[in-house]
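**Student:** Mind looking over this structure? Questions follow.
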Amino acid sequence: MESQKPKIAMYVKRPFGEKLNASFDFIKENWKQLFKYSTYLILPICIIQAANFSGLMGSMTDLTAMQTSGGIGENPLAALGPSFALNYAGVIFFSCSGGLLLTSLIYAMVRLYNEREERLNGIVFSDIKSLLLRNVKRLFLMGIACGFLFFFAVILVVLLAVLTPFTLILTIPLLFAFMVPLALMAPIYLFEDISLGEAFAKTFRLGFATWGGVFLILLVMGLIASVLQGIVSIPWYVIYIVKMIFTMSDGGATSSSVGLNFAQYLFSILMLYGSYLSAIFSIVGLVYQYGHASEVVDSITVESDIDNFDKL
């Protein structure tokens with residue numbers, strides 16, 4: 001009965017509620033494949049990233065213990081040592097790597113779902129590999145370009161704020177208004193065989209035409225992801241609070257407890273893994289927002305029907 005359900009079309013004009021339904025239906029239909037291959041790629045990253053994250057939090061706990069005992073100087077950052085900087089850099093690096101891999105994977109699977117008659121049934125990693133590598137390369141280039149764009153935008157905002165702080169009344173809303181359409185750049189650049197410059201132009205063309213829909217998708221899917229992240233983060237927060245309480249009460253002896261540190265590490269893996277999986281809702285939501293925007297602005301299905309008229 002599952003195979004008789006119509007395939008979820010991407011390029012369709014949909015009201016906001018139907019875009020949410022299409023996103024949830026896609027996840028519901030393909031949750032086994034999404035879970036399986038996301039776990040293959042993301043769980044190893046979570047295991048390494050959790051070590052950096054635990055080390056980072058351990059440094060903060062040690063700093064709290066030193067403050068409690070009065071054994072800290074005027075510069076708290078000097079007391080953290082080089083391990084804090086290394087762990088912090090590791091958390092940032094693996095967060096970017098995990099997000100890059102997960103986004104590339106989900107878009108590869110969505111593309112296979114649209115192209116294969118059997119959808120995602122029976123897929124193996126070799127079916128995904130070529131698209132995954134292509135998406136990783138393109139998403140990496142896109143990230144660098146967007147990073148430079150954001151960097152120059154922030155410099156411009158700061159320079160204008162130095163001239164007069166009243167410019168922030170205009171520049172901050174403008175910066176936010178331009179950042180929302182950029183959420184569509186990933187599906188545009190990964191689903192279409194176009195250059196980076198063409199992707200930027202199309203992103204703002206589609207993004208501003210459907211600005212409200214992009215914002216609502218980001219807001220609602222972000223709220224769903226936040227709730228799920230909060231749920232999987234509860235065990236880590238509980239063990240962290242317990243550890244902080246004992247650390248402050250016994251002068252730091254508990255911060256070196258092997259049992260508590262190992263439990264915190266395991267819960268860090270769970271928290272990070274759950275955070276990555278919850279991001280799937282936002283990624284899939286943007287897919288159907290992109291399909292809606294493409295149909296509204298460019299009438300993709302109409303042009304496709306015209307191009308293939310002689311084959312009908």
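Each chain in the structure tokens gets a letter, A, B and so on, in the order shown; residues start at 1 in every chain, and ligands are counted from 1 in the order they appear.
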Enumerate, in order of chain and increasing residue number, the residues of stretch 88-115 of chain A with an atom no farther than 10 Å from stretch 7-25 of chain A, each with its shortest atom pair and distance in Å to one decimal, counting only C-alpha atoms, as CSV.
**Tutor:**
residue,atom,partner,partner_atom,distance
A:Val110,CA,A:Met10,CA,9.2
A:Arg111,CA,A:Met10,CA,9.6
A:Tyr113,CA,A:Lys7,CA,8.6
A:Asn114,CA,A:Ala9,CA,7.4
**Student:** Show me, as a PyMOL selection string, the residues that have an atom within 8 Å of stretch 256-267 of chain A when counting only C-alpha atoms, minus same-chain residues fewer than 6 positions from it.
**Tutor:** chain A and resi 50-51+54+233+235-236+239-240+243
**Student:** Which polymer residues have any atom within 9 Å of an atom of stretch 146-161 of chain A, counting only C-alpha atoms, with same-chain residues fewer than 4 positions away left out, as a PyMOL selection string?
**Tutor:** chain A and resi 141-142+165-168+171-172+175+179+182
**Student:** Counting only C-alpha atoms, which residue out of A:Val180, A:Leu131, A:Ile194, A:Ala89 sits closest to A:Leu56?
**Tutor:** A:Ala89
**Student:** One decimal, in Å: what's the spacing between atom CA of A:Val214 and atom CA of A:Leu286?
**Tutor:**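 Those two atoms sit 7.4 Å apart.
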**Student:** For a quick check of understanding, using only C-alpha atoms, which of A:Ile128, A:Val242, A:Ile280, A:Gln289 has the smallest distance to A:Arg116?
**Tutor:**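 Of the candidates, the smallest distance to A:Arg116 is held by A:Ile128.
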**Student:** Between atom CA of A:Leu228 and atom CA of A:Ser278, what distance in Å does the model show, to one decimal?
**Tutor:**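 Atom CA of A:Ser278 lies 6.2 Å from atom CA of A:Leu228.
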**Student:** Using only C-alpha atoms, which protein or nucleic acid residues come within 12 Å of stretch 119-126 of chain A? Drop anything in the same chain fewer than 4 positions from it, and give the result as a PyMOL selection string.
**Tutor:** chain A and resi 2-9+26-27+29-34+36-38+40-41+105-106+108-115+130-133
**Student:** Using only C-alpha atoms, which residues sit within 10 Å of A:Gly274 once same-chain residues fewer than 6 positions away are excluded, as a list in words?
**Tutor:**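 Contacts, in chain order: Leu43, Cys46, Ala225, Leu228, Gln229, Gly230, Ile231, Val232, Ser233 and Ser268 of chain A.
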**Student:** With only C-alpha atoms as the counted atoms, please give the residues lying no more than 9 Å from A:Phe200, apart from itself and same-chain residues fewer than 6 positions off, as a PyMOL selection string.
**Tutor:** chain A and resi 182+185+188-189
**Student:** Using only C-alpha atoms for the distances, tell me which of A:Phe53, A:Phe140, A:Tyr288, A:Tyr107 is nearest to A:Glu192.
**Tutor:**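 When distances to A:Glu192 are compared using only C-alpha atoms, the smallest one comes from A:Tyr107.
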**Student:** Please determine, counting only C-alpha atoms, which residue among A:Cys96, A:Ala209, A:Leu101, A:Leu163 has the shortest atom-to-atom distance to A:Glu295.
**Tutor:**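 Smallest separation from A:Glu295 among the options: A:Ala209.
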